[in-house]
file protein07.pdb (PDB, C-alpha atoms)
ATOM      1  CA  MET N   1      69.958 -37.212  28.566  1.00  0.00           C
ATOM      2  CA  SER N   2      70.628 -35.855  25.204  1.00  0.00           C
ATOM      3  CA  GLN N   3      69.160 -32.785  23.607  1.00  0.00           C
ATOM      4  CA  PRO N   4      67.174 -33.165  20.365  1.00  0.00           C
ATOM      5  CA  VAL N   5      69.353 -32.099  17.505  1.00  0.00           C
ATOM      6  CA  PRO N   6      68.181 -31.364  13.976  1.00  0.00           C
ATOM      7  CA  PRO N   7      69.397 -33.877  11.415  1.00  0.00           C
ATOM      8  CA  PRO N   8      72.687 -32.997   9.813  1.00  0.00           C
ATOM      9  CA  GLY N   9      72.683 -31.419   6.371  1.00  0.00           C
ATOM     10  CA  ASN N  10      70.326 -29.196   4.435  1.00  0.00           C
ATOM     11  CA  PRO N  11      66.704 -30.442   4.577  1.00  0.00           C
ATOM     12  CA  PHE N  12      65.889 -28.537   1.353  1.00  0.00           C
ATOM     13  CA  ALA N  13      68.817 -29.916  -0.618  1.00  0.00           C
ATOM     14  CA  GLY N  14      66.540 -32.271  -2.581  1.00  0.00           C
ATOM     15  CA  GLY N  15      64.979 -29.268  -4.385  1.00  0.00           C
ATOM     16  CA  ALA N  16      61.975 -28.945  -2.143  1.00  0.00           C
ATOM     17  CA  ALA N  17      61.528 -25.336  -1.264  1.00  0.00           C
ATOM     18  CA  PRO N  18      59.500 -24.306   1.718  1.00  0.00           C
ATOM     19  CA  GLU N  19      55.913 -23.408   0.897  1.00  0.00           C
ATOM     20  CA  PRO N  20      55.354 -19.680   1.182  1.00  0.00           C
ATOM     21  CA  TYR N  21      52.645 -18.374   3.381  1.00  0.00           C
ATOM     22  CA  PRO N  22      49.395 -17.803   1.463  1.00  0.00           C
ATOM     23  CA  VAL N  23      48.812 -14.251   0.370  1.00  0.00           C
ATOM     24  CA  ALA N  24      46.089 -12.493   2.304  1.00  0.00           C
ATOM     25  CA  PRO N  25      42.987 -11.879   0.215  1.00  0.00           C
ATOM     26  CA  PRO N  26      42.355  -8.291  -0.766  1.00  0.00           C
ATOM     27  CA  PRO N  27      40.026  -6.419   1.547  1.00  0.00           C
ATOM     28  CA  ALA N  28      36.351  -6.407   0.641  1.00  0.00           C
ATOM     29  CA  PRO N  29      35.292  -3.312  -1.268  1.00  0.00           C
ATOM     30  CA  ALA N  30      33.808  -0.588   0.858  1.00  0.00           C
ATOM     31  CA  ARG N  31      30.057  -0.653   0.401  1.00  0.00           C
ATOM     32  CA  ASP N  32      29.052   2.004   2.870  1.00  0.00           C
ATOM     33  CA  ASN N  33      28.683   4.757   0.295  1.00  0.00           C
ATOM     34  CA  VAL N  34      25.230   6.194   0.893  1.00  0.00           C
ATOM     35  CA  ALA N  35      25.378   8.685  -1.969  1.00  0.00           C
ATOM     36  CA  LEU N  36      26.340   6.020  -4.487  1.00  0.00           C
ATOM     37  CA  GLY N  37      23.616   3.745  -3.125  1.00  0.00           C
ATOM     38  CA  LEU N  38      21.027   6.479  -3.588  1.00  0.00           C
ATOM     39  CA  VAL N  39      22.203   7.149  -7.143  1.00  0.00           C
ATOM     40  CA  ALA N  40      21.958   3.439  -7.947  1.00  0.00           C
ATOM     41  CA  ALA N  41      18.463   3.314  -6.446  1.00  0.00           C
ATOM     42  CA  VAL N  42      17.328   6.332  -8.491  1.00  0.00           C
ATOM     43  CA  VAL N  43      18.666   4.799 -11.703  1.00  0.00           C
ATOM     44  CA  ALA N  44      17.025   1.443 -10.937  1.00  0.00           C
ATOM     45  CA  ALA N  45      13.740   3.178 -10.074  1.00  0.00           C
ATOM     46  CA  LEU N  46      13.691   5.172 -13.313  1.00  0.00           C
ATOM     47  CA  VAL N  47      14.565   2.199 -15.500  1.00  0.00           C
ATOM     48  CA  SER N  48      12.013  -0.043 -13.818  1.00  0.00           C
ATOM     49  CA  ALA N  49       9.359   2.705 -14.042  1.00  0.00           C
ATOM     50  CA  GLY N  50       9.945   2.856 -17.785  1.00  0.00           C
ATOM     51  CA  VAL N  51       9.585  -0.909 -18.086  1.00  0.00           C
ATOM     52  CA  TYR N  52       6.443  -0.849 -15.931  1.00  0.00           C
ATOM     53  CA  GLY N  53       4.932   1.883 -18.104  1.00  0.00           C
ATOM     54  CA  ALA N  54       5.718  -0.129 -21.224  1.00  0.00           C
ATOM     55  CA  VAL N  55       4.086  -3.218 -19.691  1.00  0.00           C
ATOM     56  CA  ILE N  56       0.967  -1.238 -18.792  1.00  0.00           C
ATOM     57  CA  GLY N  57       0.864   0.335 -22.238  1.00  0.00           C
ATOM     58  CA  GLY N  58       1.304  -3.004 -23.961  1.00  0.00           C
ATOM     59  CA  THR N  59      -1.131  -5.062 -21.890  1.00  0.00           C
ATOM     60  CA  GLU N  60      -3.564  -2.270 -20.950  1.00  0.00           C
ATOM     61  CA  ARG N  61      -3.548  -3.604 -17.369  1.00  0.00           C
ATOM     62  CA  GLU N  62      -1.654  -3.011 -14.151  1.00  0.00           C
ATOM     63  CA  ILE N  63       0.321  -6.068 -13.146  1.00  0.00           C
ATOM     64  CA  GLY N  64       1.174  -6.707  -9.508  1.00  0.00           C
ATOM     65  CA  TRP N  65       4.385  -8.651 -10.057  1.00  0.00           C
ATOM     66  CA  ALA N  66       5.767  -5.660 -11.951  1.00  0.00           C
ATOM     67  CA  ALA N  67       5.281  -3.501  -8.848  1.00  0.00           C
ATOM     68  CA  VAL N  68       7.125  -6.134  -6.828  1.00  0.00           C
ATOM     69  CA  GLY N  69       9.910  -6.045  -9.412  1.00  0.00           C
ATOM     70  CA  ILE N  70      10.176  -2.262  -9.222  1.00  0.00           C
ATOM     71  CA  GLY N  71      10.480  -2.353  -5.460  1.00  0.00           C
ATOM     72  CA  PHE N  72      12.889  -5.249  -5.359  1.00  0.00           C
ATOM     73  CA  LEU N  73      15.203  -3.843  -8.041  1.00  0.00           C
ATOM     74  CA  THR N  74      15.269  -0.437  -6.396  1.00  0.00           C
ATOM     75  CA  GLY N  75      16.058  -1.901  -2.981  1.00  0.00           C
ATOM     76  CA  LEU N  76      18.574  -4.368  -4.381  1.00  0.00           C
ATOM     77  CA  ALA N  77      20.506  -1.631  -6.169  1.00  0.00           C
ATOM     78  CA  ALA N  78      20.579   0.554  -3.063  1.00  0.00           C
ATOM     79  CA  GLY N  79      21.621  -2.269  -0.743  1.00  0.00           C
ATOM     80  CA  LYS N  80      24.290  -3.772  -3.004  1.00  0.00           C
ATOM     81  CA  VAL N  81      25.949  -0.465  -3.797  1.00  0.00           C
ATOM     82  CA  GLY N  82      25.245   1.507  -0.634  1.00  0.00           C
ATOM     83  CA  GLY N  83      25.718  -1.071   2.090  1.00  0.00           C
ATOM     84  CA  ARG N  84      24.012  -1.287   5.454  1.00  0.00           C
ATOM     85  CA  ASN N  85      23.153   2.335   6.060  1.00  0.00           C
ATOM     86  CA  PRO N  86      19.663   2.557   7.634  1.00  0.00           C
ATOM     87  CA  VAL N  87      18.696   5.443   5.336  1.00  0.00           C
ATOM     88  CA  LEU N  88      18.830   3.268   2.213  1.00  0.00           C
ATOM     89  CA  PRO N  89      15.830   0.965   2.872  1.00  0.00           C
ATOM     90  CA  VAL N  90      13.597   3.952   3.634  1.00  0.00           C
ATOM     91  CA  ALA N  91      14.851   5.904   0.634  1.00  0.00           C
ATOM     92  CA  SER N  92      14.378   2.826  -1.548  1.00  0.00           C
ATOM     93  CA  ALA N  93      10.770   2.499  -0.429  1.00  0.00           C
ATOM     94  CA  VAL N  94      10.077   6.157  -1.245  1.00  0.00           C
ATOM     95  CA  LEU N  95      11.794   5.855  -4.628  1.00  0.00           C
ATOM     96  CA  ALA N  96       9.801   2.703  -5.400  1.00  0.00           C
ATOM     97  CA  LEU N  97       6.566   4.598  -4.689  1.00  0.00           C
ATOM     98  CA  GLY N  98       7.624   7.302  -7.119  1.00  0.00           C
ATOM     99  CA  ALA N  99       8.662   4.714  -9.699  1.00  0.00           C
ATOM    100  CA  VAL N 100       5.295   2.950  -9.566  1.00  0.00           C
ATOM    101  CA  TYR N 101       3.523   6.299  -9.949  1.00  0.00           C
ATOM    102  CA  LEU N 102       5.721   7.322 -12.895  1.00  0.00           C
ATOM    103  CA  GLY N 103       5.261   3.911 -14.479  1.00  0.00           C
ATOM    104  CA  GLN N 104       1.504   4.207 -14.204  1.00  0.00           C
ATOM    105  CA  LEU N 105       1.590   7.698 -15.724  1.00  0.00           C
ATOM    106  CA  LEU N 106       3.803   6.457 -18.537  1.00  0.00           C
ATOM    107  CA  GLY N 107       1.403   3.583 -19.161  1.00  0.00           C
ATOM    108  CA  ILE N 108      -1.504   6.034 -19.405  1.00  0.00           C
ATOM    109  CA  ALA N 109       0.548   8.186 -21.786  1.00  0.00           C
ATOM    110  CA  ILE N 110       1.236   5.174 -24.001  1.00  0.00           C
ATOM    111  CA  LEU N 111      -2.437   4.210 -24.055  1.00  0.00           C
ATOM    112  CA  LEU N 112      -3.544   7.774 -24.826  1.00  0.00           C
ATOM    113  CA  SER N 113      -0.918   8.174 -27.525  1.00  0.00           C
ATOM    114  CA  LYS N 114      -2.380   5.173 -29.340  1.00  0.00           C
ATOM    115  CA  GLU N 115      -5.856   6.697 -29.246  1.00  0.00           C
ATOM    116  CA  LEU N 116      -4.943  10.309 -29.999  1.00  0.00           C
ATOM    117  CA  ASN N 117      -2.103   9.713 -32.489  1.00  0.00           C
ATOM    118  CA  VAL N 118       0.236  11.908 -30.454  1.00  0.00           C
ATOM    119  CA  SER N 119       3.739  11.003 -29.322  1.00  0.00           C
ATOM    120  CA  VAL N 120       4.226   9.666 -25.817  1.00  0.00           C
ATOM    121  CA  THR N 121       6.874  12.252 -24.982  1.00  0.00           C
ATOM    122  CA  GLU N 122       4.603  15.085 -26.066  1.00  0.00           C
ATOM    123  CA  LEU N 123       1.818  13.779 -23.838  1.00  0.00           C
ATOM    124  CA  PHE N 124       4.156  13.134 -20.936  1.00  0.00           C
ATOM    125  CA  LEU N 125       5.988  16.446 -21.069  1.00  0.00           C
ATOM    126  CA  GLN N 126       3.338  18.889 -22.303  1.00  0.00           C
ATOM    127  CA  GLU N 127       0.115  17.368 -20.957  1.00  0.00           C
ATOM    128  CA  PHE N 128       1.273  16.147 -17.557  1.00  0.00           C
ATOM    129  CA  GLY N 129      -1.834  17.597 -15.896  1.00  0.00           C
ATOM    130  CA  LEU N 130      -4.035  15.573 -18.245  1.00  0.00           C
ATOM    131  CA  LEU N 131      -2.112  12.423 -17.340  1.00  0.00           C
ATOM    132  CA  THR N 132      -2.522  13.158 -13.644  1.00  0.00           C
ATOM    133  CA  GLU N 133      -6.266  13.641 -14.115  1.00  0.00           C
ATOM    134  CA  GLY N 134      -6.411  10.361 -16.023  1.00  0.00           C
ATOM    135  CA  TRP N 135      -4.546   8.620 -13.228  1.00  0.00           C
ATOM    136  CA  ASN N 136      -6.943  10.080 -10.635  1.00  0.00           C
ATOM    137  CA  ALA N 137      -9.923   8.871 -12.680  1.00  0.00           C
ATOM    138  CA  THR N 138      -8.595   5.321 -13.021  1.00  0.00           C
ATOM    139  CA  LYS N 139      -7.129   4.735  -9.553  1.00  0.00           C
ATOM    140  CA  ASP N 140      -8.722   2.109  -7.369  1.00  0.00           C
ATOM    141  CA  PRO N 141      -7.784   0.233  -4.175  1.00  0.00           C
ATOM    142  CA  LEU N 142      -5.670  -2.162  -6.217  1.00  0.00           C
ATOM    143  CA  THR N 143      -3.517   0.775  -7.338  1.00  0.00           C
ATOM    144  CA  PHE N 144      -2.675   1.588  -3.740  1.00  0.00           C
ATOM    145  CA  LEU N 145      -2.038  -2.072  -3.003  1.00  0.00           C
ATOM    146  CA  PHE N 146       0.613  -1.988  -5.735  1.00  0.00           C
ATOM    147  CA  PHE N 147       2.168   1.043  -4.049  1.00  0.00           C
ATOM    148  CA  GLY N 148       2.343  -0.829  -0.753  1.00  0.00           C
ATOM    149  CA  ILE N 149       3.767  -3.962  -2.349  1.00  0.00           C
ATOM    150  CA  ALA N 150       6.465  -1.981  -4.144  1.00  0.00           C
ATOM    151  CA  ALA N 151       7.468  -0.079  -0.986  1.00  0.00           C
ATOM    152  CA  PHE N 152       7.629  -3.285   1.055  1.00  0.00           C
ATOM    153  CA  ALA N 153       9.673  -5.069  -1.613  1.00  0.00           C
ATOM    154  CA  ALA N 154      12.094  -2.133  -1.823  1.00  0.00           C
ATOM    155  CA  PHE N 155      12.562  -1.958   1.940  1.00  0.00           C
ATOM    156  CA  SER N 156      13.062  -5.719   2.213  1.00  0.00           C
ATOM    157  CA  GLY N 157      15.330  -5.876  -0.819  1.00  0.00           C
ATOM    158  CA  ALA N 158      17.615  -3.152   0.525  1.00  0.00           C
ATOM    159  CA  LYS N 159      17.846  -4.820   3.938  1.00  0.00           C
ATOM    160  CA  LYS N 160      18.638  -8.252   2.509  1.00  0.00           C
ATOM    161  CA  ALA N 161      21.090  -7.028  -0.134  1.00  0.00           C
ATOM    162  CA  ALA N 162      23.237  -5.129   2.361  1.00  0.00           C
TER
END
call {"tool": "encode", "arguments": {"input": "protein07.pdb", "output": "structure tokens"}}
result
Amino acid sequence: MSQPVPPPGNPFAGGAAPEPYPVAPPPAPARDNVALGLVAAVVAALVSAGVYGAVIGGTEREIGWAAVGIGFLTGLAAGKVGGRNPVLPVASAVLALGAVYLGQLLGIAILLSKELNVSVTELFLQEFGLLTEGWNATKDPLTFLFFGIAAFAAFSGAKKAA
């Protein structure tokens, strides 16, 4: 019996170089930064509250899909940036509640500024008590349904984005 012997000569003499091993992909970015996730959620909540207030001021109505958008954007920002930390969905829901409330107050300020010929910032910053009283006078069960929808969308969005 003979032993197997490699063929004589250089197998790479024809110019064919061995293929190098593929380079390992870079590690995935760390997304478990709770503080950064909370900051992203706060920014998303404030921006979406401003948009919601502008929608209310422009249409003179509360719109349910806007509350869903506030919640989803807040949760999405927290989950994408912050990762899977269990604090983020709860914090996103709370921030979405605050964003819906601020958006509704901003919408009331826009509507009142049109009637009173006063700037929105002046109403919002100097007459905040008046805005709160106006919100209390106009709230109805649908208002609280929007709060619930926004909180649910934020919680779900943060869980799914992580």
call {"tool": "atom_distance", "arguments": {"input": "protein07.pdb", "atom1": "atom CA of Ser156 of chain N", "atom2": "atom CA of Pro89 of chain N"}}
result
7.3 Å
call {"tool": "resolve_selection", "arguments": {"input": "protein07.pdb", "expression": "the PyMOL selection byres ((chain N and resi 135-151) around 6)", "output": "PyMOL selection string"}}
result
chain N and resi 67-68+71+93+96-97+132-134+152-154
call {"tool": "write_last_selection", "arguments": {"input": "protein07.pdb", "atoms": "C-alpha atoms", "output": "PDB file, in the coordinates of the input"}}
result
ATOM      1  CA  ALA N  67       5.281  -3.501  -8.848  1.00  0.00           C
ATOM      2  CA  VAL N  68       7.125  -6.134  -6.828  1.00  0.00           C
ATOM      3  CA  GLY N  71      10.480  -2.353  -5.460  1.00  0.00           C
ATOM      4  CA  ALA N  93      10.770   2.499  -0.429  1.00  0.00           C
ATOM      5  CA  ALA N  96       9.801   2.703  -5.400  1.00  0.00           C
ATOM      6  CA  LEU N  97       6.566   4.598  -4.689  1.00  0.00           C
ATOM      7  CA  THR N 132      -2.522  13.158 -13.644  1.00  0.00           C
ATOM      8  CA  GLU N 133      -6.266  13.641 -14.115  1.00  0.00           C
ATOM      9  CA  GLY N 134      -6.411  10.361 -16.023  1.00  0.00           C
ATOM     10  CA  PHE N 152       7.629  -3.285   1.055  1.00  0.00           C
ATOM     11  CA  ALA N 153       9.673  -5.069  -1.613  1.00  0.00           C
ATOM     12  CA  ALA N 154      12.094  -2.133  -1.823  1.00  0.00           C
TER      13      ALA N 154
END
call {"tool": "residues_around", "arguments": {"input": "protein07.pdb", "residues": "Ala44 of chain N", "least_positions_apart": "2", "cutoff": "9 Å", "atoms": "only C-alpha atoms", "output": "number ranges by chain"}}
result
N: 39-42, 46-49, 70, 73-78
call {"tool": "resolve_selection", "arguments": {"input": "protein07.pdb", "expression": "the PyMOL selection byres ((chain N and resi 62) around 10)", "output": "PyMOL selection string"}}
result
chain N and resi 52-53+55-57+59-61+63-67+103-104+107+142-143+146
call {"tool": "residues_around", "arguments": {"input": "protein07.pdb", "residues": "Leu130 of chain N", "least_positions_apart": "6", "cutoff": "12 Å", "atoms": "all atoms listed in the file", "output": "VMD selection string"}}
result
chain N and resid 105 108 to 109 112 122 to 124 136 to 137
